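Source file: query_10.cif; contents: mmCIF, C-alpha atoms.
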```cif
data_coords
#
loop_
_atom_site.label_atom_id
_atom_site.label_comp_id
_atom_site.auth_asym_id
_atom_site.auth_seq_id
_atom_site.Cartn_x
_atom_site.Cartn_y
_atom_site.Cartn_z
CA MET A 29 0.00 0.00 0.00
CA ALA A 30 1.30 3.44 -0.92
CA VAL A 31 2.13 6.36 1.33
CA LYS A 32 1.41 9.82 -0.01
CA THR A 33 4.51 12.01 0.00
CA LEU A 34 5.28 15.61 0.83
CA GLN A 35 5.46 16.27 -2.90
CA ASP A 36 1.92 14.96 -3.27
CA LEU A 37 0.77 17.48 -0.66
CA LEU A 38 2.66 20.32 -2.33
CA ASN A 39 1.10 19.39 -5.65
CA GLU A 40 -2.34 19.53 -4.05
CA GLY A 41 -1.52 23.00 -2.72
CA VAL A 42 -0.80 24.22 0.81
CA GLU A 43 -0.87 28.00 0.44
CA GLY A 44 -2.91 29.40 3.28
CA ARG A 45 -3.51 25.94 4.81
CA GLY A 46 -2.49 24.80 8.25
CA VAL A 47 -0.06 21.88 8.20
CA LEU A 48 0.79 19.95 11.34
CA VAL A 49 4.28 18.44 11.14
CA ARG A 50 5.54 15.81 13.56
CA SER A 51 9.30 16.33 13.60
CA ASP A 52 12.00 14.58 15.59
CA LEU A 53 13.81 17.38 17.42
CA ASN A 54 14.98 15.27 20.35
CA VAL A 55 18.55 16.58 20.51
CA PRO A 56 21.05 16.21 23.36
CA LEU A 57 21.59 19.18 25.67
CA ASP A 58 24.48 19.89 28.04
CA ASP A 59 24.10 20.95 31.68
CA ASN A 60 23.63 24.54 30.55
CA GLY A 61 20.79 23.67 28.20
CA GLN A 62 22.95 24.12 25.08
CA ILE A 63 22.45 21.79 22.11
CA THR A 64 25.49 19.50 21.72
CA ASP A 65 24.43 17.77 18.49
CA PRO A 66 21.87 19.52 16.23
CA GLY A 67 21.76 16.66 13.72
CA ARG A 68 18.07 15.90 14.09
CA ILE A 69 17.10 19.57 13.80
CA ILE A 70 19.17 19.90 10.64
CA ALA A 71 17.50 16.78 9.22
CA SER A 72 14.03 18.26 9.85
CA VAL A 73 14.69 21.44 7.88
CA PRO A 74 14.06 20.30 4.26
CA THR A 75 10.43 19.34 4.91
CA LEU A 76 9.73 22.48 6.93
CA ARG A 77 11.41 24.75 4.40
CA ALA A 78 9.42 23.24 1.52
CA LEU A 79 6.15 23.89 3.36
CA VAL A 80 7.14 27.41 4.37
CA GLU A 81 8.17 28.33 0.84
CA ALA A 82 4.87 26.96 -0.47
CA GLY A 83 2.94 29.30 1.85
CA ALA A 84 1.69 26.85 4.48
CA LYS A 85 0.94 27.85 8.05
CA VAL A 86 3.25 25.36 9.71
CA VAL A 87 2.62 23.99 13.21
CA VAL A 88 5.42 21.73 14.45
CA THR A 89 5.04 19.23 17.26
CA ALA A 90 7.97 17.36 18.80
CA HIS A 91 9.35 16.04 22.06
CA LEU A 92 12.60 16.42 23.97
CA GLY A 93 13.85 13.97 26.56
CA ARG A 94 11.55 12.07 28.88
CA PRO A 95 9.48 14.44 30.98
CA LYS A 96 6.92 12.71 33.17
CA GLY A 97 3.78 13.91 31.38
CA GLU A 98 3.91 17.42 32.82
CA PRO A 99 5.83 20.66 32.13
CA ASP A 100 9.49 20.57 33.12
CA PRO A 101 11.66 23.62 32.27
CA LYS A 102 14.78 21.54 31.62
CA PHE A 103 12.97 19.79 28.76
CA SER A 104 11.61 22.96 27.14
CA LEU A 105 11.98 23.23 23.36
CA ALA A 106 13.20 26.83 23.68
CA PRO A 107 16.78 26.07 22.54
CA VAL A 108 15.38 23.99 19.69
CA ALA A 109 13.17 26.87 18.53
CA ALA A 110 16.19 29.17 18.45
CA LYS A 111 18.27 26.70 16.41
CA LEU A 112 15.39 26.00 14.05
CA ALA A 113 14.92 29.74 13.46
CA GLU A 114 18.61 30.05 12.65
CA LEU A 115 18.51 27.17 10.16
CA LEU A 116 15.28 28.30 8.50
CA ASP A 117 16.40 31.93 8.54
CA ARG A 118 13.03 33.06 9.82
CA ASN A 119 11.23 33.61 13.09
CA VAL A 120 9.98 30.46 14.80
CA GLN A 121 7.40 31.10 17.49
CA LEU A 122 7.42 28.82 20.53
CA ALA A 123 4.06 28.23 22.16
CA GLY A 124 4.05 28.25 25.94
CA ASP A 125 1.99 25.07 26.03
CA VAL A 126 1.13 22.03 23.91
CA VAL A 127 -2.52 22.54 22.96
CA GLY A 128 -3.62 25.14 25.48
CA TYR A 129 -4.61 28.79 25.22
CA ASP A 130 -1.23 30.05 24.01
CA ALA A 131 -0.87 27.37 21.33
CA LEU A 132 -4.41 27.99 20.09
CA SER A 133 -4.14 31.77 20.02
CA ARG A 134 -0.77 31.69 18.26
CA SER A 135 -2.00 29.17 15.68
CA GLU A 136 -5.01 31.37 14.91
CA GLY A 137 -2.66 34.29 14.25
CA LEU A 138 -0.42 32.50 11.77
CA THR A 139 -0.05 33.91 8.28
CA ASP A 140 1.24 32.15 5.16
CA GLY A 141 4.81 30.91 5.65
CA ASP A 142 4.79 31.26 9.44
CA VAL A 143 6.19 28.57 11.73
CA LEU A 144 4.88 27.76 15.20
CA LEU A 145 6.66 25.20 17.38
CA LEU A 146 4.48 23.77 20.11
CA GLU A 147 6.04 23.17 23.52
CA ASN A 148 7.29 19.63 24.26
CA VAL A 149 4.38 17.33 23.39
CA ARG A 150 5.40 14.95 26.18
CA PHE A 151 4.47 17.66 28.68
CA ASP A 152 0.98 16.27 28.03
CA ALA A 153 0.60 12.77 29.53
CA ARG A 154 -1.92 11.84 26.83
CA GLU A 155 0.86 11.75 24.21
CA THR A 156 2.28 8.47 25.47
CA SER A 157 -0.88 7.06 27.06
CA THR A 158 -1.78 3.44 26.36
CA ASP A 159 -5.44 4.46 26.48
CA ASP A 160 -6.67 4.99 22.91
CA ALA A 161 -9.36 7.45 23.99
CA GLU A 162 -6.90 9.66 25.88
CA ARG A 163 -4.50 9.81 22.94
CA ALA A 164 -7.42 10.55 20.59
CA LYS A 165 -8.38 13.60 22.67
CA LEU A 166 -4.89 15.05 22.42
CA ALA A 167 -4.82 14.27 18.71
CA ALA A 168 -8.11 16.12 18.23
CA ALA A 169 -6.71 19.15 20.07
CA LEU A 170 -3.62 19.12 17.83
CA VAL A 171 -5.81 18.94 14.74
CA GLU A 172 -7.77 21.96 15.96
CA LEU A 173 -4.58 24.03 15.67
CA VAL A 174 -4.47 23.59 11.88
CA GLY A 175 -8.19 23.72 11.10
CA ASP A 176 -10.63 21.66 9.09
CA ASP A 177 -8.68 21.95 5.83
CA GLY A 178 -5.38 21.10 7.48
CA ALA A 179 -2.96 18.29 6.70
CA PHE A 180 -0.53 16.14 8.66
CA VAL A 181 3.06 15.46 7.65
CA SER A 182 4.91 12.71 9.51
CA ASP A 183 8.61 13.56 9.42
CA GLY A 184 9.91 12.27 12.76
CA PHE A 185 11.38 8.91 11.81
CA GLY A 186 12.85 8.51 15.29
CA VAL A 187 9.34 8.10 16.73
CA VAL A 188 7.45 6.15 14.05
CA HIS A 189 7.87 2.95 16.06
CA ARG A 190 5.72 4.51 18.81
CA LYS A 191 1.92 4.46 18.88
CA GLN A 192 1.61 7.99 20.25
CA ALA A 193 -0.92 10.77 19.78
CA SER A 194 1.26 13.07 17.66
CA VAL A 195 2.66 10.17 15.62
CA TYR A 196 -0.23 7.78 15.10
CA ASP A 197 -3.59 9.20 16.17
CA VAL A 198 -3.39 12.54 14.34
CA ALA A 199 -2.86 10.66 11.07
CA LYS A 200 -6.28 9.09 11.51
CA LEU A 201 -7.90 12.53 11.69
CA LEU A 202 -6.20 14.46 8.88
CA PRO A 203 -5.08 13.86 5.30
CA HIS A 204 -1.62 12.41 5.94
CA TYR A 205 1.72 12.38 4.14
CA GLY A 206 5.24 11.13 4.70
CA GLY A 207 7.84 13.88 4.95
CA THR A 208 11.12 13.85 3.04
CA LEU A 209 13.05 12.50 6.04
CA VAL A 210 10.66 9.61 6.71
CA ALA A 211 10.56 8.74 3.01
CA ALA A 212 14.36 8.71 2.79
CA GLU A 213 14.73 6.58 5.92
CA VAL A 214 12.25 3.95 4.74
CA ASP A 215 13.92 3.84 1.33
CA VAL A 216 17.34 3.27 2.92
CA LEU A 217 16.11 0.55 5.26
CA ALA A 218 14.36 -1.21 2.40
CA LYS A 219 17.74 -1.44 0.67
CA LEU A 220 19.10 -3.22 3.75
CA THR A 221 16.30 -5.78 3.80
CA GLU A 222 15.46 -6.34 0.13
CA ASN A 223 18.31 -8.11 -1.64
CA PRO A 224 21.30 -6.18 -0.21
CA GLN A 225 24.64 -6.42 -2.01
CA ARG A 226 27.06 -8.92 -0.47
CA PRO A 227 29.16 -9.29 1.56
CA TYR A 228 26.68 -7.76 4.03
CA ALA A 229 28.18 -6.74 7.38
CA VAL A 230 26.40 -5.53 10.50
CA VAL A 231 28.20 -3.84 13.41
CA LEU A 232 26.40 -3.76 16.75
CA GLY A 233 27.61 -2.04 19.90
CA GLY A 234 26.11 -0.26 22.86
CA SER A 235 25.69 -1.43 26.40
CA LYS A 236 23.10 -4.21 26.61
CA VAL A 237 22.61 -7.45 24.71
CA SER A 238 18.92 -7.35 25.65
CA ASP A 239 18.49 -4.10 23.69
CA LYS A 240 19.86 -5.71 20.52
CA LEU A 241 18.75 -9.33 20.96
CA ALA A 242 15.82 -9.13 18.55
CA VAL A 243 17.89 -7.53 15.81
CA ILE A 244 20.68 -10.09 16.30
CA GLU A 245 18.13 -12.90 15.97
CA ALA A 246 16.66 -11.28 12.86
CA LEU A 247 19.90 -10.40 11.08
CA ALA A 248 22.32 -13.21 11.99
CA PRO A 249 20.73 -15.66 9.50
CA LYS A 250 20.78 -13.02 6.75
CA VAL A 251 24.22 -11.39 6.95
CA ASP A 252 27.74 -12.53 6.17
CA THR A 253 29.42 -10.78 9.10
CA LEU A 254 28.07 -9.69 12.49
CA VAL A 255 30.60 -7.68 14.49
CA ILE A 256 29.83 -7.20 18.19
CA GLY A 257 31.57 -4.61 20.38
CA GLY A 258 30.67 -2.12 23.09
CA GLY A 259 29.47 -3.12 26.53
CA MET A 260 27.32 -5.89 25.09
CA CYS A 261 30.38 -7.88 23.98
CA PHE A 262 31.23 -8.81 27.57
CA THR A 263 28.13 -10.94 27.98
CA PHE A 264 29.17 -12.83 24.85
CA LEU A 265 32.72 -13.22 26.21
CA ALA A 266 31.29 -14.51 29.49
CA ALA A 267 29.25 -16.98 27.45
CA GLN A 268 32.57 -18.34 26.18
CA GLY A 269 33.60 -18.97 29.77
CA LEU A 270 35.87 -15.94 30.09
CA SER A 271 36.18 -13.69 33.14
CA VAL A 272 35.25 -10.10 32.30
CA GLY A 273 36.33 -8.47 35.56
CA SER A 274 34.07 -5.58 36.52
CA SER A 275 32.92 -4.99 32.93
CA LEU A 276 29.26 -4.48 32.10
CA LEU A 277 27.60 -7.88 32.22
CA GLN A 278 24.03 -9.14 31.83
CA GLU A 279 24.25 -12.47 33.61
CA GLU A 280 20.67 -13.36 32.72
CA MET A 281 21.62 -13.18 29.03
CA ILE A 282 24.66 -15.50 29.16
CA ASP A 283 22.77 -18.63 28.15
CA THR A 284 21.09 -16.73 25.30
CA CYS A 285 24.48 -15.58 24.05
CA LYS A 286 25.79 -19.14 24.26
CA GLY A 287 22.96 -20.25 22.00
CA LEU A 288 23.64 -17.46 19.50
CA LEU A 289 27.35 -18.31 19.38
CA GLU A 290 26.56 -21.98 18.78
CA ARG A 291 24.10 -21.23 15.98
CA TYR A 292 26.02 -18.44 14.26
CA ALA A 293 29.68 -19.25 15.01
CA ASP A 294 30.64 -18.55 11.41
CA VAL A 295 28.96 -15.12 11.39
CA ILE A 296 29.49 -13.54 14.83
CA HIS A 297 32.85 -11.86 15.43
CA LEU A 298 33.89 -10.77 18.94
CA PRO A 299 36.85 -8.66 20.10
CA ARG A 300 40.19 -10.36 20.75
CA ASP A 301 41.61 -7.61 22.91
CA ILE A 302 40.11 -4.99 25.20
CA VAL A 303 41.11 -1.60 26.59
CA VAL A 304 40.49 -1.97 30.31
CA ALA A 305 40.42 0.71 33.01
CA ASN A 306 40.63 0.70 36.79
CA LYS A 307 37.54 2.93 37.00
CA PHE A 308 34.84 4.47 34.82
CA ALA A 309 36.41 7.88 34.25
CA ALA A 310 38.10 9.86 31.50
CA ASP A 311 41.37 9.93 33.45
CA ALA A 312 41.34 6.28 34.53
CA ASP A 313 44.48 4.17 34.31
CA SER A 314 44.14 1.94 31.25
CA LYS A 315 45.90 -0.83 29.37
CA VAL A 316 45.26 -3.22 26.51
CA VAL A 317 44.82 -6.90 27.40
CA PRO A 318 43.72 -10.04 25.53
CA VAL A 319 40.06 -10.91 26.17
CA ASN A 320 41.10 -13.86 28.34
CA GLU A 321 43.26 -11.70 30.62
CA ILE A 322 40.88 -9.01 31.91
CA PRO A 323 42.06 -8.37 35.51
CA ASP A 324 39.70 -8.67 38.45
CA GLY A 325 38.34 -5.26 39.42
CA TRP A 326 39.08 -3.72 36.01
CA LEU A 327 36.41 -2.96 33.42
CA GLY A 328 36.50 -2.92 29.65
CA LEU A 329 35.75 0.49 28.11
CA ASP A 330 36.78 -0.07 24.48
CA ILE A 331 37.84 -2.73 22.02
CA GLY A 332 41.60 -3.05 21.52
CA PRO A 333 43.77 -2.32 18.45
CA GLU A 334 43.96 -5.96 17.30
CA SER A 335 40.18 -6.12 17.32
CA VAL A 336 39.92 -2.85 15.38
CA ALA A 337 42.32 -4.17 12.73
CA ARG A 338 40.44 -7.46 12.46
CA PHE A 339 37.03 -5.81 12.25
CA ALA A 340 38.33 -3.25 9.74
CA ALA A 341 39.57 -6.04 7.47
CA LEU A 342 36.06 -7.47 7.39
CA LEU A 343 34.26 -4.16 6.96
CA THR A 344 36.41 -2.61 4.24
CA GLU A 345 35.59 -5.53 1.94
CA ALA A 346 31.83 -5.41 2.58
CA LYS A 347 29.39 -4.15 -0.04
CA THR A 348 26.63 -3.34 2.48
CA VAL A 349 27.20 -2.19 6.08
CA PHE A 350 24.77 -1.32 8.87
CA TRP A 351 26.25 0.08 12.08
CA ASN A 352 24.35 0.68 15.32
CA GLY A 353 26.14 1.28 18.62
CA PRO A 354 29.63 2.50 19.58
CA MET A 355 32.52 0.12 20.27
CA GLY A 356 33.43 1.81 23.54
CA VAL A 357 32.97 4.88 25.71
CA PHE A 358 33.79 7.26 22.86
CA GLU A 359 32.87 10.26 25.00
CA PHE A 360 36.21 9.69 26.84
CA GLU A 361 39.16 10.38 24.52
CA ASN A 362 41.19 7.46 25.88
CA PHE A 363 38.41 5.03 24.97
CA ALA A 364 37.34 6.38 21.57
CA ALA A 365 39.86 4.59 19.33
CA GLY A 366 37.69 1.51 18.81
CA THR A 367 34.66 3.46 17.64
CA ARG A 368 36.83 5.72 15.50
CA GLY A 369 38.65 2.78 13.90
CA VAL A 370 35.46 0.92 13.03
CA ALA A 371 33.85 4.09 11.69
CA GLU A 372 36.90 4.85 9.53
CA ALA A 373 36.75 1.32 8.12
CA ILE A 374 33.12 1.91 7.16
CA VAL A 375 34.11 5.20 5.50
CA THR A 376 36.72 3.27 3.53
CA ALA A 377 34.08 0.77 2.46
CA THR A 378 31.85 3.65 1.31
CA GLY A 379 34.71 5.02 -0.76
CA LYS A 380 35.01 1.63 -2.46
CA GLY A 381 31.34 1.71 -3.45
CA ALA A 382 29.65 0.04 -0.49
CA PHE A 383 26.19 1.09 0.70
CA THR A 384 26.72 2.08 4.35
CA VAL A 385 24.18 3.11 6.96
CA VAL A 386 24.76 4.54 10.42
CA GLY A 387 21.73 3.46 12.44
CA GLY A 388 21.11 6.62 14.42
CA GLY A 389 21.38 7.08 18.17
CA ASP A 390 24.83 7.03 19.76
CA SER A 391 26.47 5.94 16.51
CA ALA A 392 25.33 9.10 14.73
CA ALA A 393 26.42 11.17 17.73
CA ALA A 394 29.83 9.48 17.64
CA VAL A 395 30.32 10.33 13.96
CA ARG A 396 29.85 14.01 14.74
CA ALA A 397 31.64 14.02 18.10
CA LEU A 398 34.73 12.35 16.64
CA GLY A 399 34.84 14.73 13.70
CA LEU A 400 34.29 12.03 11.08
CA PRO A 401 33.00 13.07 7.65
CA GLU A 402 29.23 12.69 7.50
CA ASP A 403 29.43 12.28 3.75
CA GLY A 404 31.71 9.30 4.35
CA PHE A 405 28.58 7.22 4.92
CA SER A 406 25.77 6.59 2.47
CA HIS A 407 23.18 7.49 5.10
CA ILE A 408 23.09 8.55 8.75
CA SER A 409 19.74 7.67 10.28
CA THR A 410 17.93 9.88 12.78
CA GLY A 411 16.10 6.99 14.41
CA GLY A 412 18.07 4.31 16.21
CA GLY A 413 15.16 2.45 17.79
CA ALA A 414 12.96 2.78 14.71
CA SER A 415 15.78 1.53 12.47
CA LEU A 416 16.32 -1.54 14.63
CA GLU A 417 12.62 -2.40 14.81
CA TYR A 418 12.31 -2.07 11.03
CA LEU A 419 15.23 -4.45 10.53
CA GLU A 420 13.68 -6.84 13.06
CA GLY A 421 10.68 -7.01 10.74
CA LYS A 422 8.28 -5.27 13.12
CA GLU A 423 5.43 -3.11 11.87
CA LEU A 424 6.07 0.55 12.66
CA PRO A 425 2.73 2.10 13.74
CA GLY A 426 3.70 5.57 12.55
CA ILE A 427 4.37 4.24 9.04
CA ALA A 428 1.48 1.79 8.87
CA VAL A 429 -1.04 4.53 9.69
CA LEU A 430 0.15 6.57 6.70
CA GLU A 431 -0.65 3.80 4.24
CA ASP A 432 -3.71 4.25 2.07
#
```

Encoding of this model in structure tokens:
Amino acid sequence: MAVKTLQDLLNEGVEGRGVLVRSDLNVPLDDNGQITDPGRIIASVPTLRALVEAGAKVVVTAHLGRPKGEPDPKFSLAPVAAKLAELLDRNVQLAGDVVGYDALSRSEGLTDGDVLLLENVRFDARETSTDDAERAKLAAALVELVGDDGAFVSDGFGVVHRKQASVYDVAKLLPHYGGTLVAAEVDVLAKLTENPQRPYAVVLGGSKVSDKLAVIEALAPKVDTLVIGGGMCFTFLAAQGLSVGSSLLQEEMIDTCKGLLERYADVIHLPRDIVVANKFAADADSKVVPVNEIPDGWLGLDIGPESVARFAALLTEAKTVFWNGPMGVFEFENFAAGTRGVAEAIVTATGKGAFTVVGGGDSAAAVRALGLPEDGFSHISTGGGASLEYLEGKELPGIAVLED
């Protein structure tokens, strides 16, 4: 079934019409409330600019962080509004509420080409409610902001795996379209699942095996190489009977990892050496040890140079690569070499003609934090969780509801 696109909406005409856009503006902030990685805001701009230039009255809804269903100043979208205004080169109003008096009065005052950003939609507990009726009420209030002849554009790929009011329920009440970002993401992920070029390599990192178990189960039978690093590798090492010291370990997952290693021994590749530290800190004492010599009381914070070289040899020869999750604590300079080395190998593969995808989340943040070239990858996703669920074969509610 087909999804109508932003271009379809533009062809129908939006001048003078209210258009509600669900964007993904969930960017990281530092302790001073400053944006540390504006990647998702930048990615939202093409859809918004196209609507603005076509004369729409644009109302944007988005979330930031995980407020507990009520206003919380530290999760205000104020810094996002300022950055969005800078990127769009026009004023972006920020409503003082989600669907209350200020949002309604500001939306009624919009003129063609204006942009109104509603305050954090998760300040309203109905957004994430499991009660269909509660979500429907919030959706109806959001629709009221754009009027009877309004339209809905879903452009927040990072949230399409959630059945939430601003993602799912509004699409049932308005003519609905996929934005340029959502369309691009789905197109990229389809390339990973529908006859990808081989060799096909997947790199998984991050902290917990449980977070990636479903995608490992889904991809291991389909790929040629599955590289595992990050904190999750220690549960696999423990499954091989190795001591991992004080490293991150999910003991309840050891038997599961044993089973995966038995079934996919020819596909799964684990580190051979580890950078260990005497504490979790940027200035910790560190050393490189083989995986079978992790000292008691020390914890692994990165993969070692032998592992990087081995993984790089596999990745540079791949024709398709999907990467989700860092290889170590890249935020600490002394433990960033593993993530950098793997990322550089993927860049090399891209240069040799491979189709390479960075699966959002911490991986995308690492690319920018480590100063790696964003154009060194075929695609950098904005939605880590949504990307993984798509690859697992799950239906994404925010995509399914757009289908006609």

Residue IDs satisfying the PyMOL selection byres ((chain A and resi 380-396) around 6), as a compact mmCIF listing (two decimals) with C-alpha atoms, in the coordinates of the input:
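selection09.txt was written with the following content:
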```
# COMPACT_ATOMS: atom_id res chain seq x y z
CA LYS A 347 29.39 -4.15 -0.04
CA THR A 348 26.63 -3.34 2.48
CA VAL A 349 27.20 -2.19 6.08
CA PHE A 350 24.77 -1.32 8.87
CA TRP A 351 26.25 0.08 12.08
CA ASN A 352 24.35 0.68 15.32
CA GLY A 353 26.14 1.28 18.62
CA PRO A 354 29.63 2.50 19.58
CA ALA A 377 34.08 0.77 2.46
CA THR A 378 31.85 3.65 1.31
CA GLY A 379 34.71 5.02 -0.76
CA ALA A 397 31.64 14.02 18.10
CA LEU A 398 34.73 12.35 16.64
CA GLY A 399 34.84 14.73 13.70
CA LEU A 400 34.29 12.03 11.08
CA PHE A 405 28.58 7.22 4.92
CA SER A 406 25.77 6.59 2.47
CA HIS A 407 23.18 7.49 5.10
CA ILE A 408 23.09 8.55 8.75
CA SER A 409 19.74 7.67 10.28
CA THR A 410 17.93 9.88 12.78
CA GLY A 411 16.10 6.99 14.41
CA GLY A 412 18.07 4.31 16.21
```

Could you give me, as a list in words, the residues within 9 Å of Leu116 in chain A, counting all atoms listed in the file and dropping anything in the same chain fewer than 6 positions from it? Val73, Leu76 and Arg77 of chain A

Selection near Ser238 in chain A, 8 Å with only C-alpha atoms, sequence-local residues under 3 positions removed, as a list in words: Leu241, Ala242 and Met281 of chain A

May I have the residues within 12 Å of Leu144 in chain A as a ChimeraX atom specification, using all atoms listed in the file and disregarding those fewer than 6 positions away in the same chain? /A:46-49,76,80,84-90,105-106,109-110,112-113,118-127,130-138,173-174

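Residues in contact range of range 289-301 of chain A, defined as at most 6 Å between all atoms listed in the file, with sequence neighbours fewer than 5 positions away removed, read Asp252, Thr253, Leu254, Val255, Ile256, Val317, Pro318, Val319, Gly332 and Ser335 of chain A.
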
Counting all atoms listed in the file, closest pick from A:Ile69, A:Ala193, A:Leu209, A:Val181 relative to Thr156 in chain A is A:Ala193

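The gap separating CA of Val370 in chain A from CA of Thr263 in chain A is 20.4 Å, in Å to one decimal.
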
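Distances to Thr33 in chain A were evaluated for A:Gln278, A:Thr284, A:Asn306, A:Thr208 using all atoms listed in the file, and the minimum falls at A:Thr208.
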
For this file, the PyMOL selection byres ((chain A and resi 54-64) around 6) selects which residues, as a PDB file with C-alpha atoms, in the coordinates of the input?
```pdb
ATOM      1  CA  ASP A  52      12.000  14.580  15.590  1.00  0.00           C
ATOM      2  CA  LEU A  53      13.810  17.380  17.420  1.00  0.00           C
ATOM      3  CA  ASP A  65      24.430  17.770  18.490  1.00  0.00           C
ATOM      4  CA  HIS A  91       9.350  16.040  22.060  1.00  0.00           C
ATOM      5  CA  LEU A  92      12.600  16.420  23.970  1.00  0.00           C
TER       6      LEU A  92
END
```

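Among the candidates A:Ala229, A:Leu327, A:Val429, A:Ala310, the residue lying nearest to Ile374 in chain A is A:Ala229 (atoms considered: only C-alpha atoms).
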
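Nearest residue to Leu37 in chain A among A:Arg368, A:His204, A:Lys102, A:Lys96 is A:His204, counting all atoms listed in the file.
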
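When CA of Asp152 in chain A is paired with CA of Pro99 in chain A, their separation reads 7.7 Å.
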
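Here CA of Ala340 in chain A stands at a distance of 20.1 Å from CA of Leu220 in chain A.
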
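Closest approach to Ile427 in chain A among A:Ala199, A:Cys285, A:Val251, A:Leu170: A:Ala199, based on all atoms listed in the file.
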
Please complete range 120-125 of chain A with all heavy atoms and give it back as a short mmCIF file (atom, residue, chain, number, x, y, z; two decimals), keeping the file's coordinate frame.
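Saved to selection_34.cif:
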```
data_model
loop_
_atom_site.label_atom_id
_atom_site.label_comp_id
_atom_site.auth_asym_id
_atom_site.auth_seq_id
_atom_site.Cartn_x
_atom_site.Cartn_y
_atom_site.Cartn_z
N VAL A 120 10.74 31.64 14.40
CA VAL A 120 9.98 30.46 14.80
C VAL A 120 9.38 30.75 16.17
O VAL A 120 10.10 30.89 17.16
CB VAL A 120 10.87 29.20 14.86
CG1 VAL A 120 10.09 28.02 15.44
CG2 VAL A 120 11.40 28.84 13.46
N GLN A 121 8.07 30.87 16.20
CA GLN A 121 7.40 31.10 17.49
C GLN A 121 7.43 29.81 18.32
O GLN A 121 7.31 28.72 17.77
CB GLN A 121 5.94 31.49 17.28
CG GLN A 121 5.70 32.77 16.51
CD GLN A 121 4.22 33.05 16.42
OE1 GLN A 121 3.52 33.18 17.44
NE2 GLN A 121 3.71 33.16 15.21
N LEU A 122 7.54 29.97 19.63
CA LEU A 122 7.42 28.82 20.53
C LEU A 122 6.20 29.04 21.41
O LEU A 122 6.13 30.02 22.17
CB LEU A 122 8.66 28.66 21.40
CG LEU A 122 8.59 27.54 22.46
CD1 LEU A 122 8.52 26.17 21.80
CD2 LEU A 122 9.77 27.62 23.42
N ALA A 123 5.24 28.13 21.30
CA ALA A 123 4.06 28.23 22.16
C ALA A 123 4.45 27.89 23.60
O ALA A 123 5.34 27.08 23.85
CB ALA A 123 2.98 27.26 21.67
N GLY A 124 3.76 28.49 24.53
CA GLY A 124 4.05 28.25 25.94
C GLY A 124 3.42 26.99 26.46
O GLY A 124 3.62 26.62 27.62
N ASP A 125 2.64 26.31 25.62
CA ASP A 125 1.99 25.07 26.03
C ASP A 125 1.87 24.15 24.81
O ASP A 125 2.35 24.48 23.73
CB ASP A 125 0.63 25.33 26.68
CG ASP A 125 -0.24 26.28 25.85
OD1 ASP A 125 -0.09 26.30 24.61
OD2 ASP A 125 -1.07 27.02 26.44
#
```
